[in-house]
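Colleague: Have a peek at input_39.cif (mmCIF, C-alpha atoms and all ligand atoms).
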data_upload
#
loop_
_atom_site.label_atom_id
_atom_site.label_comp_id
_atom_site.auth_asym_id
_atom_site.auth_seq_id
_atom_site.Cartn_x
_atom_site.Cartn_y
_atom_site.Cartn_z
CA MET A 1 -31.44 -10.22 3.63
CA ASP A 2 -31.10 -8.52 6.97
CA LYS A 3 -27.85 -7.59 8.60
CA GLN A 4 -27.88 -10.32 11.25
CA ALA A 5 -28.51 -13.01 8.64
CA ILE A 6 -25.52 -11.83 6.60
CA ILE A 7 -23.25 -11.79 9.63
CA GLU A 8 -24.36 -15.27 10.69
CA ALA A 9 -23.92 -16.67 7.18
CA GLU A 10 -20.41 -15.24 7.06
CA GLY A 11 -19.65 -17.04 10.30
CA ARG A 12 -20.94 -20.31 8.89
CA TYR A 13 -19.53 -20.31 5.34
CA VAL A 14 -16.39 -18.18 5.30
CA MET A 15 -12.89 -18.98 6.56
CA GLN A 16 -12.41 -17.07 9.77
CA THR A 17 -9.21 -15.20 8.94
CA TYR A 18 -10.67 -11.75 9.62
CA ARG A 19 -12.49 -10.30 12.60
CA ARG A 20 -14.95 -8.19 10.66
CA ALA A 21 -16.76 -5.25 12.20
CA ASP A 22 -20.45 -5.99 12.81
CA ILE A 23 -21.81 -3.81 10.03
CA VAL A 24 -22.73 -4.77 6.48
CA LEU A 25 -21.66 -2.16 3.96
CA GLU A 26 -23.91 -1.84 0.99
CA ARG A 27 -23.07 1.24 -1.00
CA GLY A 28 -20.36 3.84 -1.41
CA GLU A 29 -20.20 7.33 -2.81
CA GLY A 30 -17.10 9.51 -2.66
CA VAL A 31 -15.76 9.57 0.90
CA TYR A 32 -18.93 8.00 2.30
CA LEU A 33 -20.06 4.40 2.84
CA TYR A 34 -23.58 3.32 3.77
CA ASP A 35 -24.57 0.17 5.67
CA THR A 36 -27.71 -1.95 5.43
CA ASP A 37 -29.31 0.04 8.27
CA GLY A 38 -28.88 3.21 6.25
CA GLN A 39 -26.18 4.53 8.56
CA ARG A 40 -23.59 6.72 6.81
CA TYR A 41 -19.86 6.47 7.51
CA LEU A 42 -17.08 8.88 6.70
CA ASP A 43 -14.45 6.54 5.26
CA PHE A 44 -11.00 7.57 6.51
CA MET A 45 -9.33 4.28 5.67
CA SER A 46 -10.30 3.88 1.97
CA GLY A 47 -10.53 0.09 2.18
CA ILE A 48 -6.92 0.06 3.46
CA ALA A 49 -5.51 2.88 1.36
CA VAL A 50 -7.18 1.67 -1.83
CA ALA A 51 -10.07 3.94 -2.84
CA ALA A 52 -7.85 6.89 -3.78
CA LEU A 53 -10.56 8.61 -5.82
CA GLY A 54 -13.28 7.69 -3.33
CA HIS A 55 -16.03 5.13 -3.76
CA CYS A 56 -17.73 4.65 -7.11
CA ASP A 57 -15.95 7.57 -8.75
CA PRO A 58 -18.13 8.36 -11.78
CA ALA A 59 -15.23 8.43 -14.27
CA VAL A 60 -13.83 5.11 -13.02
CA THR A 61 -17.30 3.56 -13.03
CA ALA A 62 -17.97 4.75 -16.58
CA ALA A 63 -14.59 3.48 -17.84
CA VAL A 64 -15.10 0.09 -16.17
CA ALA A 65 -18.66 -0.27 -17.47
CA GLN A 66 -17.66 0.67 -20.99
CA GLN A 67 -14.63 -1.63 -21.00
CA ALA A 68 -16.60 -4.51 -19.46
CA ALA A 69 -19.07 -4.19 -22.30
CA THR A 70 -16.24 -4.10 -24.88
CA LEU A 71 -13.60 -6.64 -23.81
CA THR A 72 -13.01 -8.18 -20.38
CA HIS A 73 -10.43 -10.93 -20.69
CA VAL A 74 -8.22 -12.44 -23.37
CA SER A 75 -5.10 -13.62 -21.42
CA ASN A 76 -1.60 -12.28 -21.87
CA LEU A 77 -1.12 -14.19 -25.09
CA TYR A 78 -2.52 -11.22 -27.04
CA HIS A 79 -2.02 -7.47 -27.11
CA THR A 80 -4.72 -5.21 -25.71
CA ILE A 81 -4.98 -1.42 -25.74
CA PRO A 82 -5.51 -0.61 -21.99
CA HIS A 83 -2.54 -2.80 -20.99
CA VAL A 84 -0.12 -0.76 -23.06
CA GLY A 85 -1.79 2.53 -22.14
CA LEU A 86 -1.26 1.90 -18.44
CA ALA A 87 2.28 0.57 -18.86
CA ARG A 88 3.29 3.65 -20.86
CA ARG A 89 1.91 5.98 -18.18
CA LEU A 90 3.77 4.21 -15.36
CA VAL A 91 7.07 4.13 -17.25
CA GLU A 92 6.89 7.73 -18.48
CA HIS A 93 6.25 8.98 -14.94
CA SER A 94 8.81 6.95 -13.02
CA PHE A 95 12.43 5.75 -12.85
CA ALA A 96 11.34 2.52 -14.52
CA ASP A 97 11.85 1.27 -18.08
CA ARG A 98 9.39 -1.60 -17.97
CA VAL A 99 6.36 -2.89 -16.07
CA PHE A 100 5.02 -6.33 -15.23
CA PHE A 101 1.38 -6.46 -14.11
CA CYS A 102 -0.14 -8.86 -11.60
CA ASN A 103 -3.22 -8.95 -9.38
CA SER A 104 -2.28 -7.90 -5.83
CA GLY A 105 0.42 -6.46 -3.63
CA ALA A 106 1.71 -9.79 -2.37
CA GLU A 107 1.96 -10.99 -5.94
CA ALA A 108 3.89 -7.89 -6.93
CA ASN A 109 6.44 -8.55 -4.19
CA GLU A 110 6.65 -12.25 -5.12
CA GLY A 111 7.44 -11.23 -8.67
CA ALA A 112 9.97 -8.64 -7.52
CA LEU A 113 11.80 -11.27 -5.45
CA LYS A 114 11.77 -13.71 -8.36
CA PHE A 115 13.13 -11.09 -10.75
CA ALA A 116 15.84 -10.13 -8.27
CA ARG A 117 16.83 -13.77 -7.79
CA LYS A 118 17.14 -14.42 -11.50
CA TRP A 119 19.05 -11.21 -12.11
CA ALA A 120 21.54 -11.97 -9.32
CA ARG A 121 22.00 -15.60 -10.33
CA ALA A 122 22.69 -14.63 -13.93
CA ARG A 123 25.31 -12.15 -12.75
CA ALA A 124 27.02 -13.92 -9.89
CA GLY A 125 25.68 -17.46 -9.54
CA GLU A 126 23.50 -19.25 -7.04
CA GLY A 127 25.32 -17.98 -3.95
CA LYS A 128 24.06 -14.45 -4.45
CA HIS A 129 20.55 -15.09 -3.17
CA GLU A 130 20.23 -13.35 0.22
CA ILE A 131 17.56 -10.77 0.91
CA VAL A 132 17.69 -8.05 3.56
CA ALA A 133 14.39 -6.75 4.96
CA PHE A 134 13.55 -4.60 8.00
CA SER A 135 11.77 -4.54 11.34
CA GLY A 136 8.18 -3.34 11.03
CA SER A 137 7.95 -4.43 7.40
CA PHE A 138 4.80 -5.74 5.76
CA HIS A 139 4.98 -7.15 2.25
CA GLY A 140 1.97 -9.45 1.94
CA ARG A 141 0.73 -12.94 2.77
CA THR A 142 2.15 -15.32 0.16
CA MET A 143 5.20 -17.47 0.97
CA GLY A 144 7.85 -15.15 -0.47
CA ALA A 145 6.13 -12.04 0.82
CA ILE A 146 5.78 -13.36 4.38
CA SER A 147 9.42 -14.41 4.28
CA VAL A 148 10.35 -10.71 4.18
CA THR A 149 7.54 -9.57 6.52
CA TYR A 150 8.73 -8.85 10.03
CA LYS A 151 5.88 -9.90 12.28
CA THR A 152 6.61 -13.41 13.55
CA ALA A 153 2.88 -14.28 13.93
CA TYR A 154 2.52 -13.88 10.15
CA ARG A 155 5.61 -16.00 9.41
CA GLU A 156 6.31 -18.74 11.93
CA PRO A 157 3.16 -20.89 11.54
CA PHE A 158 4.21 -21.37 7.89
CA ASN A 159 7.88 -22.24 8.33
CA PRO A 160 10.12 -23.14 6.61
CA LEU A 161 10.10 -20.02 4.44
CA LEU A 162 12.59 -18.58 1.94
CA PRO A 163 16.15 -19.21 3.08
CA GLY A 164 18.65 -16.38 3.19
CA VAL A 165 16.37 -13.63 4.55
CA CYS A 166 17.54 -11.46 7.42
CA PHE A 167 16.02 -8.42 9.13
CA ALA A 168 17.79 -5.23 10.20
CA PRO A 169 16.18 -2.59 12.42
CA PHE A 170 14.39 -0.02 10.23
CA ASN A 171 16.34 3.25 9.91
CA ASP A 172 19.48 1.64 11.41
CA LEU A 173 22.07 2.02 8.68
CA ALA A 174 24.93 0.60 10.76
CA THR A 175 23.23 -2.79 11.13
CA ALA A 176 22.18 -2.78 7.48
CA ARG A 177 25.84 -2.22 6.58
CA GLU A 178 26.77 -5.38 8.48
CA LEU A 179 24.08 -7.46 6.79
CA ILE A 180 24.40 -6.27 3.17
CA GLY A 181 27.32 -7.94 1.41
CA PRO A 182 28.44 -9.79 -1.72
CA ALA A 183 25.84 -12.56 -1.13
CA THR A 184 23.00 -10.02 -1.01
CA CYS A 185 20.68 -10.23 -3.98
CA ALA A 186 18.14 -7.61 -2.89
CA VAL A 187 17.16 -5.18 -0.15
CA ILE A 188 13.40 -4.63 0.22
CA LEU A 189 11.59 -1.91 2.16
CA GLU A 190 8.65 0.47 2.26
CA PRO A 191 9.90 4.09 2.07
CA VAL A 192 7.03 4.83 4.47
CA GLN A 193 5.97 1.77 6.47
CA GLY A 194 2.20 1.31 6.62
CA GLU A 195 1.12 -1.72 8.67
CA GLY A 196 4.25 -1.37 10.79
CA GLY A 197 3.03 1.88 12.37
CA ILE A 198 3.43 4.71 9.81
CA HIS A 199 7.19 5.15 10.01
CA ALA A 200 9.03 7.05 7.27
CA ALA A 201 12.56 6.10 6.30
CA THR A 202 15.10 8.79 7.07
CA PRO A 203 16.88 10.34 4.06
CA GLU A 204 20.26 9.07 5.35
CA PHE A 205 18.86 5.56 5.60
CA LEU A 206 17.51 5.40 2.04
CA ARG A 207 20.60 7.04 0.60
CA GLY A 208 22.82 4.72 2.61
CA LEU A 209 20.93 1.64 1.39
CA ARG A 210 21.25 2.83 -2.21
CA GLU A 211 25.03 3.13 -1.77
CA LEU A 212 25.31 -0.27 -0.09
CA CYS A 213 23.29 -1.91 -2.87
CA ASP A 214 25.48 -0.28 -5.52
CA ARG A 215 28.67 -1.28 -3.72
CA HIS A 216 27.64 -4.93 -3.38
CA GLY A 217 25.74 -5.35 -6.65
CA ALA A 218 22.39 -5.85 -4.92
CA LEU A 219 19.01 -4.58 -6.07
CA LEU A 220 17.05 -2.01 -4.08
CA ILE A 221 13.31 -2.80 -4.03
CA PHE A 222 10.83 -0.19 -2.85
CA ASP A 223 7.44 -1.53 -1.83
CA GLU A 224 5.19 1.46 -2.53
CA ILE A 225 2.03 -0.62 -2.45
CA GLN A 226 0.60 1.52 0.35
CA CYS A 227 2.68 4.73 0.28
CA GLY A 228 2.93 5.13 -3.52
CA LEU A 229 0.72 6.71 -6.19
CA GLY A 230 -0.03 10.03 -4.58
CA ARG A 231 -0.69 8.99 -0.99
CA THR A 232 2.26 11.01 0.37
CA GLY A 233 1.46 14.06 -1.74
CA ARG A 234 4.05 13.04 -4.33
CA LEU A 235 3.42 10.58 -7.11
CA TRP A 236 6.02 8.21 -5.58
CA ALA A 237 6.97 8.29 -1.91
CA HIS A 238 10.67 7.95 -2.80
CA GLU A 239 10.64 11.23 -4.75
CA ALA A 240 11.00 13.02 -1.42
CA TYR A 241 14.39 11.33 -0.95
CA ALA A 242 15.98 11.78 -4.38
CA VAL A 243 16.82 8.06 -4.27
CA THR A 244 15.57 5.69 -6.95
CA PRO A 245 15.15 1.92 -6.60
CA ASP A 246 15.87 -0.79 -9.15
CA ILE A 247 12.41 -2.28 -8.65
CA MET A 248 9.21 -0.77 -7.24
CA THR A 249 5.98 -2.60 -6.43
CA LEU A 250 2.51 -1.04 -6.57
CA ALA A 251 -1.00 -2.30 -5.93
CA LYS A 252 -3.56 -0.94 -3.47
CA PRO A 253 -4.89 2.30 -5.07
CA LEU A 254 -3.84 1.60 -8.64
CA ALA A 255 -7.30 0.62 -9.94
CA ASN A 256 -9.31 2.31 -7.15
CA GLY A 257 -10.46 -1.03 -5.75
CA LEU A 258 -10.24 -3.50 -8.60
CA PRO A 259 -7.48 -6.06 -8.04
CA ILE A 260 -4.18 -5.10 -9.64
CA GLY A 261 -0.49 -5.13 -8.84
CA ALA A 262 2.49 -3.85 -10.77
CA ILE A 263 6.23 -4.34 -10.70
CA LEU A 264 8.21 -1.46 -12.17
CA LEU A 265 11.83 -2.09 -13.02
CA THR A 266 14.87 -0.75 -14.80
CA GLU A 267 16.07 -2.21 -18.06
CA LYS A 268 19.13 -3.57 -16.22
CA VAL A 269 16.90 -5.95 -14.25
CA ALA A 270 14.30 -6.50 -16.95
CA ALA A 271 17.00 -7.70 -19.35
CA ALA A 272 17.58 -10.75 -17.14
CA ILE A 273 13.97 -11.86 -17.48
CA GLY A 274 12.65 -13.49 -20.62
CA PRO A 275 9.59 -15.22 -22.08
CA GLY A 276 8.29 -17.94 -19.78
CA ASP A 277 10.06 -16.68 -16.64
CA HIS A 278 6.90 -15.35 -14.97
CA GLY A 279 3.24 -14.97 -15.79
CA SER A 280 -0.36 -14.58 -14.71
CA THR A 281 -3.65 -15.52 -16.37
CA PHE A 282 -5.72 -12.57 -15.15
CA ALA A 283 -3.07 -9.86 -14.92
CA ALA A 284 -3.27 -6.71 -17.04
CA GLY A 285 -6.86 -7.41 -18.02
CA PRO A 286 -8.54 -4.65 -20.04
CA VAL A 287 -11.04 -3.71 -17.31
CA VAL A 288 -8.55 -3.20 -14.45
CA CYS A 289 -6.10 -1.45 -16.75
CA ARG A 290 -8.80 0.97 -17.96
CA ALA A 291 -9.73 1.74 -14.37
CA ALA A 292 -6.07 2.28 -13.51
CA GLU A 293 -5.56 4.63 -16.47
CA VAL A 294 -8.33 6.85 -15.10
CA VAL A 295 -6.83 6.71 -11.58
CA PHE A 296 -3.35 7.46 -12.84
CA ASP A 297 -4.39 10.40 -15.01
CA ARG A 298 -6.16 12.04 -12.07
CA VAL A 299 -3.67 11.27 -9.30
CA SER A 300 -0.63 12.33 -11.33
CA GLN A 301 -1.96 15.89 -11.84
CA PRO A 302 0.30 18.34 -9.96
CA GLU A 303 -2.73 20.16 -8.48
CA PHE A 304 -4.15 16.87 -7.21
CA LEU A 305 -0.86 15.96 -5.52
CA ALA A 306 -0.51 19.45 -4.05
CA ALA A 307 -3.97 19.13 -2.49
CA VAL A 308 -3.01 15.77 -0.94
CA ALA A 309 0.10 17.30 0.61
CA GLU A 310 -1.81 20.32 1.89
CA ASN A 311 -4.73 18.32 3.30
CA GLY A 312 -2.29 15.90 4.94
CA GLU A 313 -0.57 18.83 6.69
CA TYR A 314 -3.94 20.18 7.72
CA LEU A 315 -5.04 16.78 9.10
CA ARG A 316 -1.87 16.42 11.16
CA ARG A 317 -2.15 19.97 12.46
CA ARG A 318 -5.77 19.44 13.51
CA LEU A 319 -4.87 16.14 15.18
CA ARG A 320 -2.03 17.79 17.13
CA GLU A 321 -4.46 20.47 18.29
CA LEU A 322 -6.57 17.78 19.96
CA GLU A 323 -4.05 17.68 22.79
CA SER A 324 -5.56 14.41 24.02
CA LYS A 325 -3.67 12.98 26.97
CA HIS A 326 -3.60 9.63 25.10
CA ILE A 327 -1.84 10.93 21.99
CA VAL A 328 1.87 10.17 22.10
CA ASP A 329 2.73 11.15 18.53
CA VAL A 330 1.13 12.34 15.30
CA ARG A 331 3.18 11.41 12.23
CA GLY A 332 3.08 10.47 8.56
CA THR A 333 3.31 12.10 5.15
CA GLY A 334 0.53 13.33 2.93
CA LEU A 335 -2.68 11.46 3.67
CA LEU A 336 -0.98 8.48 5.32
CA VAL A 337 -1.17 9.47 8.95
CA GLY A 338 -0.39 7.63 12.18
CA VAL A 339 -1.59 8.66 15.63
CA GLU A 340 0.26 6.77 18.33
CA LEU A 341 -1.67 6.35 21.58
CA ASP A 342 -0.59 5.25 25.04
CA VAL A 343 -3.56 2.85 25.08
CA PRO A 344 -4.73 0.08 22.69
CA VAL A 345 -6.47 1.55 19.66
CA ALA A 346 -9.11 -1.18 19.17
CA PRO A 347 -11.74 0.50 21.42
CA VAL A 348 -11.10 3.83 19.69
CA LEU A 349 -11.71 2.28 16.27
CA ALA A 350 -15.00 0.78 17.53
CA ALA A 351 -16.09 4.06 19.10
CA ALA A 352 -15.26 6.00 15.93
CA ARG A 353 -17.31 3.54 13.90
CA LYS A 354 -20.29 4.04 16.21
CA HIS A 355 -19.92 7.78 15.55
CA GLY A 356 -19.84 7.20 11.80
CA LEU A 357 -16.08 7.33 11.14
CA LEU A 358 -14.07 4.42 9.71
CA ILE A 359 -10.34 4.29 10.48
CA ILE A 360 -7.92 1.41 11.10
CA ASN A 361 -4.94 0.49 13.19
CA ALA A 362 -1.29 0.06 12.28
CA GLY A 363 -0.21 -2.25 15.08
CA ASP A 364 -1.75 -2.29 18.57
CA ASN A 365 -1.42 1.35 19.54
CA VAL A 366 -1.30 3.38 16.34
CA LEU A 367 -4.41 4.74 14.62
CA ARG A 368 -3.97 4.73 10.86
CA ILE A 369 -5.81 7.44 8.98
CA ALA A 370 -5.77 7.06 5.21
CA PRO A 371 -8.80 8.77 3.68
CA PRO A 372 -9.53 8.85 -0.04
CA LEU A 373 -7.11 11.33 -1.63
CA ILE A 374 -10.10 13.49 -2.67
CA VAL A 375 -11.01 14.51 0.91
CA THR A 376 -11.66 18.14 1.72
CA LYS A 377 -10.91 20.14 4.85
CA ASP A 378 -14.59 19.88 5.81
CA HIS A 379 -14.34 16.10 5.87
CA ILE A 380 -11.16 16.38 7.91
CA ASP A 381 -12.83 18.72 10.42
CA THR A 382 -15.70 16.24 10.85
CA ALA A 383 -13.31 13.31 11.35
CA VAL A 384 -11.22 15.22 13.88
CA ASP A 385 -14.36 16.23 15.83
CA ILE A 386 -15.39 12.57 16.06
CA LEU A 387 -11.91 11.54 17.15
CA ARG A 388 -11.94 14.22 19.84
CA GLU A 389 -15.04 12.61 21.33
CA CYS A 390 -13.58 9.12 21.07
CA LEU A 391 -10.33 10.14 22.76
CA ALA A 392 -11.98 12.21 25.50
CA THR A 393 -12.04 9.49 28.16
C1 LIG A 401 -1.16 -4.25 1.60
C2 LIG A 401 0.31 -4.33 1.39
C3 LIG A 401 0.90 -5.43 0.74
C4 LIG A 401 0.09 -6.63 0.31
O1 LIG A 401 -0.86 -6.33 -0.65
P1 LIG A 401 -2.06 -7.37 -0.95
O2 LIG A 401 -2.76 -6.77 -2.12
O3 LIG A 401 -2.90 -7.43 0.28
O4 LIG A 401 -1.45 -8.67 -1.24
C5 LIG A 401 2.25 -5.40 0.53
N1 LIG A 401 3.01 -4.37 0.92
C6 LIG A 401 2.48 -3.30 1.54
C7 LIG A 401 3.37 -2.17 1.93
C8 LIG A 401 1.12 -3.25 1.81
O5 LIG A 401 0.61 -2.20 2.46
#
Represent the structure from my file as structure tokens, please.

Modeller:
Amino acid sequence: MDKQAIIEAEGRYVMQTYRRADIVLERGEGVYLYDTDGQRYLDFMSGIAVAALGHCDPAVTAAVAQQAATLTHVSNLYHTIPHVGLARRLVEHSFADRVFFCNSGAEANEGALKFARKWARARAGEGKHEIVAFSGSFHGRTMGAISVTYKTAYREPFNPLLPGVCFAPFNDLATARELIGPATCAVILEPVQGEGGIHAATPEFLRGLRELCDRHGALLIFDEIQCGLGRTGRLWAHEAYAVTPDIMTLAKPLANGLPIGAILLTEKVAAAIGPGDHGSTFAAGPVVCRAAEVVFDRVSQPEFLAAVAENGEYLRRRLRELESKHIVDVRGTGLLVGVELDVPVAPVLAAARKHGLLIINAGDNVLRIAPPLIVTKDHIDTAVDILRECLAT
């Protein structure tokens, strides 16, 4: 089937919720993607911060193929080996005591909100149900997740949403202090905001929220779906702050592209949740869990994380050296980088694509650069050269 036929069929048969770029991607290898015309692209967005080990990593592919030929699905009514293997890894390398698996980021946040609600109700009754979220937040597209997502265009067409949600300006501890009180059940935020424009929480802000949650008996939920699992050059983004949450959600890179989500929580919260309280037919399937074990074992290596931190620094330094008149700010941590422009980024994304570089936006005027965590300085040099051309006018 030729490219134009695919694009036309998409227009005819598929819900039009995405404005897809007019290329048809056919194959991936490492940091490269290839389209049906044989054009090669340097992928500096990783399928939205997902392909941490690059495309079709041989070890992931082998593990998936072997597991698919051994056992694919049995439901959560039985024990399986990869499920426990992955859970043990996540618990042993985090603040958490237990894990609940699901199938996406939105689902992980839904589950986190449900767990927080039940925990708070058991402790203090129905009145303790309020949730505090922040400006610039993105937590997913299901009803609970959009209720705590800031952008009104994502929320308002679907009103009424969860009651008892309020938003404070991100990094504004004074306002958060006014909004967090005895009726607060949970506070949810991304330690480094992704969709919202690549904004990192300040250390005072995260520490302050931890104190406020402790004072008012509320749970602190970190959404590390985009910034977690090595992306910032640390296994968990919150490690840089020496603040731990009560609940953390993961998804995007965890199985290098297969659908998975995870909710990590302390025993204090987990103890409020029992059999029948939550579930999922597909979650924790042997194939995704095997893939995630391979991802986790690689990404959690100290040398791997050190390379992410170093390459992230290098990328930001090279971007700053561009000295384009359109660049207002270069920010981010590790390989989650934002380049704020004084012009809309959409034409820059299209121009980069024409030059064989895939990147995305984070809002209207921020370029988001999130390459596979395996990139090298050579890849970074190539990407920066392309961006120089695209920002020249
Ligand atoms: C992508 C994302 C989500 C939603 O994940 P889905 O898998 O698309 O449902 C939630 N939170 C953050 C921070 C994200 O980046």

Colleague: Could you state the separation of atom CA of A:Leu42 and atom CA of A:Arg388 in Å, given to one decimal place?

Modeller: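 According to the coordinates, atom CA of A:Leu42 and atom CA of A:Arg388 are separated by 15.1 Å.
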
Colleague: Distance limit 9 Å, reference ligand LIG 401 (chain A), atoms considered: all atoms listed in the file. Which residues make the cut? Give them as a PyMOL selection string.

Modeller: chain A and resi 48-49+103-109+137-142+145+149+189-190+192-196+223-227+249-252+259-261

Colleague: Could you please determine the separation between atom CA of A:Asp43 and atom CA of A:Leu358 in Å, to one decimal place?

Modeller: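 We find that atom CA of A:Asp43 and atom CA of A:Leu358 lie 4.9 Å from each other.
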
Colleague: Give the padded box for stretch 357-374 of chain A as JSON: axis-aligned, covering all atoms listed in the file, 5 Å on each side, centre and edge lengths in Å to one decimal.

Modeller:
{"center_x": -8.1, "center_y": 5.6, "center_z": 8.4, "size_x": 25.9, "size_y": 25.8, "size_z": 32.2}

Colleague: Extract, using all atoms listed in the file, all DNA, RNA and protein residues at most 7 Å from A:Phe205, discarding same-chain residues fewer than 4 positions from it, and format them as a ChimeraX atom specification.

Modeller: /A:171,173,201,209

Colleague: Using all atoms listed in the file, which residues sit within 6 Å of stretch 117-130 of chain A once same-chain residues fewer than 4 positions away are excluded, as a list in words?

Modeller: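 Contacts, with the query itself left out: Gly164, Val165, Ala183, Thr184, Cys185 and Ala272 of chain A.
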
Colleague: I'd like the contact shell of stretch 160-162 of chain A - 10 Å cut-off, all atoms listed in the file, skipping same-chain residues fewer than 2 positions apart - returned as a list in words.

Modeller: Glu130, Ile131, Met143, Gly144, Ala145, Ile146, Ser147, Val148, Arg155, Glu156, Pro157, Phe158, Gly164 and Val165 of chain A

Colleague: Rounded to one decimal in Å, what is the spacing between atom CA of A:Pro302 and atom CA of A:Leu265?

Modeller: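 Atom CA of A:Pro302 sits 23.7 Å away from atom CA of A:Leu265.
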
Colleague: For a quick check of your reading of the model, name the residues lying within 10 Å of the coordinate (-10.4, 13.8, 16.9), counting all atoms listed in the file, and write them as a PyMOL selection string.

Modeller: chain A and resi 315+318-324+352+380-392

Colleague: Under the rule that only C-alpha atoms are counted, which of A:His199, A:Arg12, A:His278, A:His79 is the nearest residue to A:Leu113?

Modeller: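 Among A:His199, A:Arg12, A:His278, A:His79, it is A:His278 that comes nearest to A:Leu113.
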
Colleague: For each of A:Gly30, A:Gly217, A:Gly111, A:Gly228, take the minimum atom-to-atom distance to A:Leu90, counting only C-alpha atoms, then give the residue where this is smallest.

Modeller: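 Once distances to A:Leu90 are computed over only C-alpha atoms, the minimum belongs to A:Gly228.
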
Colleague: Of the candidates A:Arg207, A:Arg290, A:Arg98, A:His216, which one gets nearest to A:Ala68 if we count all atoms listed in the file?

Modeller: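 Of the candidates, the smallest distance to A:Ala68 is held by A:Arg290.
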
Colleague: Calculated over only C-alpha atoms, which of the candidates A:Glu211, A:Asp297, A:Glu204, A:Asp57 has the smallest distance to A:His93?

Modeller: A:Asp297

Colleague: Since the input is missing atoms for stretch 200-204 of chain A, could you rebuild it with all heavy atoms and give the result as a PDB file, keeping the file's coordinate frame?

Modeller:
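To be explicit, this is the file written out as out_8.pdb:
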ATOM      1  N   ALA A 200       8.339   6.673   8.508  1.00  0.00           N
ATOM      2  CA  ALA A 200       9.030   7.050   7.270  1.00  0.00           C
ATOM      3  C   ALA A 200      10.516   6.735   7.410  1.00  0.00           C
ATOM      4  O   ALA A 200      11.103   6.918   8.480  1.00  0.00           O
ATOM      5  CB  ALA A 200       8.832   8.538   7.003  1.00  0.00           C
ATOM      6  N   ALA A 201      11.106   6.265   6.323  1.00  0.00           N
ATOM      7  CA  ALA A 201      12.560   6.100   6.300  1.00  0.00           C
ATOM      8  C   ALA A 201      13.210   7.473   6.412  1.00  0.00           C
ATOM      9  O   ALA A 201      12.661   8.469   5.930  1.00  0.00           O
ATOM     10  CB  ALA A 201      12.982   5.431   4.992  1.00  0.00           C
ATOM     11  N   THR A 202      14.363   7.526   7.052  1.00  0.00           N
ATOM     12  CA  THR A 202      15.100   8.790   7.070  1.00  0.00           C
ATOM     13  C   THR A 202      15.849   8.923   5.738  1.00  0.00           C
ATOM     14  O   THR A 202      16.182   7.913   5.101  1.00  0.00           O
ATOM     15  CB  THR A 202      16.133   8.824   8.210  1.00  0.00           C
ATOM     16  OG1 THR A 202      17.080   7.769   8.004  1.00  0.00           O
ATOM     17  CG2 THR A 202      15.459   8.661   9.576  1.00  0.00           C
ATOM     18  N   PRO A 203      16.139  10.159   5.316  1.00  0.00           N
ATOM     19  CA  PRO A 203      16.880  10.340   4.060  1.00  0.00           C
ATOM     20  C   PRO A 203      18.254   9.652   4.094  1.00  0.00           C
ATOM     21  O   PRO A 203      18.659   9.037   3.104  1.00  0.00           O
ATOM     22  CB  PRO A 203      17.041  11.867   3.960  1.00  0.00           C
ATOM     23  CG  PRO A 203      15.911  12.415   4.776  1.00  0.00           C
ATOM     24  CD  PRO A 203      15.672  11.425   5.882  1.00  0.00           C
ATOM     25  N   GLU A 204      18.934   9.717   5.244  1.00  0.00           N
ATOM     26  CA  GLU A 204      20.260   9.070   5.350  1.00  0.00           C
ATOM     27  C   GLU A 204      20.137   7.568   5.154  1.00  0.00           C
ATOM     28  O   GLU A 204      21.005   6.929   4.551  1.00  0.00           O
ATOM     29  CB  GLU A 204      20.911   9.330   6.716  1.00  0.00           C
ATOM     30  CG  GLU A 204      20.949  10.782   7.166  1.00  0.00           C
ATOM     31  CD  GLU A 204      19.605  11.271   7.677  1.00  0.00           C
ATOM     32  OE1 GLU A 204      19.128  10.729   8.693  1.00  0.00           O
ATOM     33  OE2 GLU A 204      19.014  12.185   7.062  1.00  0.00           O
TER      34      GLU A 204
END
